[in-house]
Amino acid sequence: MALLIGAVLAICVGLFATGVGLDRDRAFYPTVTIVIASLYVLFAVMGESQHALLVELAMCASFVFAAVAGFRRSLWIVVAALAAHGAQDIVHLSLIDNPGVPVWWPAFCGAYDIVAALYLAWLIRRGHTLAAA
């Protein structure tokens with residue numbers, strides 16, 4: 001169920017953002033990427049794990065870096081970052097012991113990330129959003 005809800009929510013958010021014009025600005029999807037990446041940091045704080053916090057901060061920093069690079073150079077980098085975060089969600093529990101992460105979160109977030117990446121790629125391909133700065 002978490003997979004379905006994540007995928008449907010990504011489609012709804014994407015269509016809403018396109019419908020009201022929020023994604024006309026190149027900053028929208030890089031910002032989404034940064035927010036998505038920061039949630040595991042929040043879970044580490046909630047789980048009161050200093051080790052998880054340090055690891056999650058390092059992971060978050062890599063996605064923030066990719067989001068900024070994508071904003072400045074090409075939104076295709078943001079597509080790749082969202083897809084990579086979705087892949088990271090799939091293996092997260094086996095890589096990082098973060099007691100604050102809800103059991104359903106990796107599936108939900110992974111589905112959201114992958115669908116958001118596909119939606120952004122579709123927007124770029126149809127010319128709705130300029131890929132390069």
# chains A, B, ... in the order shown; residues from 1 in each chain; ligands from 1
>>> residues_around(residues="Cys109 of chain A", least_positions_apart="3", cutoff="10 Å", atoms="only C-alpha atoms", output="CSV table (one decimal) with N, CA, C and O atoms, in the first residue's frame")
chain,number,residue,atom,x,y,z
A,2,ALA,N,2.0,1.2,0.7
A,2,ALA,CA,2.9,2.4,0.8
A,2,ALA,C,3.4,2.7,-0.6
A,2,ALA,O,3.5,3.9,-1.0
A,3,LEU,N,3.7,1.7,-1.4
A,3,LEU,CA,4.2,2.0,-2.8
A,3,LEU,C,3.1,2.7,-3.6
A,3,LEU,O,3.4,3.7,-4.3
A,5,ILE,N,0.5,4.5,-2.6
A,5,ILE,CA,0.3,5.8,-2.0
A,5,ILE,C,1.4,6.8,-2.4
A,5,ILE,O,1.2,7.9,-2.9
A,6,GLY,N,2.7,6.3,-2.3
A,6,GLY,CA,3.8,7.2,-2.8
A,6,GLY,C,3.7,7.5,-4.2
A,6,GLY,O,3.9,8.7,-4.6
A,7,ALA,N,3.4,6.6,-5.1
A,7,ALA,CA,3.3,6.8,-6.5
A,7,ALA,C,2.2,7.8,-6.9
A,7,ALA,O,2.4,8.7,-7.6
A,10,ALA,N,3.0,11.3,-5.7
A,10,ALA,CA,3.9,12.0,-6.6
A,10,ALA,C,3.3,12.5,-7.9
A,10,ALA,O,3.5,13.6,-8.4
A,36,ILE,N,13.1,16.0,0.3
A,36,ILE,CA,13.0,14.6,0.4
A,36,ILE,C,14.3,14.0,1.1
A,36,ILE,O,14.1,13.2,2.0
A,37,ALA,N,15.4,14.5,0.7
A,37,ALA,CA,16.7,14.0,1.3
A,37,ALA,C,16.8,14.3,2.8
A,37,ALA,O,17.4,13.6,3.6
A,39,LEU,N,14.5,14.4,5.1
A,39,LEU,CA,13.6,13.7,5.9
A,39,LEU,C,14.2,12.5,6.7
A,39,LEU,O,13.9,12.3,7.9
A,85,HIS,N,17.8,8.6,-5.2
A,85,HIS,CA,17.2,8.6,-3.8
A,85,HIS,C,16.2,7.5,-3.7
A,85,HIS,O,16.1,6.8,-2.7
A,86,GLY,N,15.4,7.3,-4.8
A,86,GLY,CA,14.5,6.1,-4.8
A,86,GLY,C,15.2,4.8,-4.7
A,86,GLY,O,14.8,3.9,-3.9
A,87,ALA,N,16.3,4.7,-5.3
A,87,ALA,CA,17.1,3.4,-5.2
A,87,ALA,C,17.7,3.3,-3.8
A,87,ALA,O,17.7,2.2,-3.2
A,88,GLN,N,18.1,4.4,-3.2
A,88,GLN,CA,18.7,4.4,-1.9
A,88,GLN,C,17.6,4.0,-0.9
A,88,GLN,O,17.9,3.3,0.1
A,89,ASP,N,16.4,4.4,-1.1
A,89,ASP,CA,15.2,4.0,-0.3
A,89,ASP,C,15.1,2.5,-0.2
A,89,ASP,O,14.8,2.0,0.8
A,90,ILE,N,15.3,1.9,-1.4
A,90,ILE,CA,15.1,0.4,-1.5
A,90,ILE,C,16.1,-0.3,-0.6
A,90,ILE,O,15.8,-1.3,0.1
A,104,TRP,N,7.1,1.7,7.0
A,104,TRP,CA,6.5,1.9,5.7
A,104,TRP,C,7.3,3.0,4.9
A,104,TRP,O,7.0,3.1,3.7
A,105,TRP,N,8.1,3.8,5.5
A,105,TRP,CA,8.7,4.9,4.8
A,105,TRP,C,9.5,4.6,3.6
A,105,TRP,O,9.3,5.3,2.5
A,106,PRO,N,10.5,3.7,3.6
A,106,PRO,CA,11.3,3.4,2.4
A,106,PRO,C,10.5,3.1,1.2
A,106,PRO,O,10.8,3.6,0.1
A,112,TYR,N,7.6,7.4,-4.4
A,112,TYR,CA,7.4,8.8,-4.7
A,112,TYR,C,8.6,9.3,-5.5
A,112,TYR,O,8.4,10.0,-6.5
A,113,ASP,N,9.8,9.0,-5.1
A,113,ASP,CA,11.0,9.5,-5.7
A,113,ASP,C,11.1,9.1,-7.2
A,113,ASP,O,11.4,9.9,-8.1
A,114,ILE,N,10.9,7.8,-7.4
A,114,ILE,CA,11.0,7.2,-8.8
A,114,ILE,C,9.9,7.9,-9.7
A,114,ILE,O,10.2,8.3,-10.8
A,115,VAL,N,8.7,8.0,-9.2
A,115,VAL,CA,7.6,8.6,-10.0
A,115,VAL,C,7.9,10.1,-10.2
A,115,VAL,O,7.7,10.6,-11.3
>>> residues_around(residues="Phe65 of chain A", least_positions_apart="2", cutoff="12 Å", atoms="only C-alpha atoms", output="list in words")
Pro30, Thr31, Thr33, Ile34, Ala37, Ala58, Met59, Cys60, Ala61, Ser62, Phe63, Ala67, Val68, Ala69, Gly70, Phe71, Arg72, Arg73, Ile77, Val78 and Ala81 of chain A
>>> atom_distance(atom1="atom CA of Leu118 of chain A", atom2="atom CA of Val20 of chain A")
19.5 Å
>>> closest_atom_pairs(of="segment 93-125 of chain A", to="segment 41-53 of chain A", cutoff="8 Å", atoms="only C-alpha atoms", output="Markdown table")
| residue | atom | partner | partner_atom | distance |
| --- | --- | --- | --- | --- |
| A:Ile96 | CA | A:Ala52 | CA | 6.8 |
| A:Asp97 | CA | A:Ala52 | CA | 6.4 |
| A:Asn98 | CA | A:Ala52 | CA | 5.3 |
| A:Pro99 | CA | A:Gly47 | CA | 4.9 |
| A:Gly100 | CA | A:Gly47 | CA | 3.8 |
| A:Val101 | CA | A:Phe43 | CA | 5.3 |
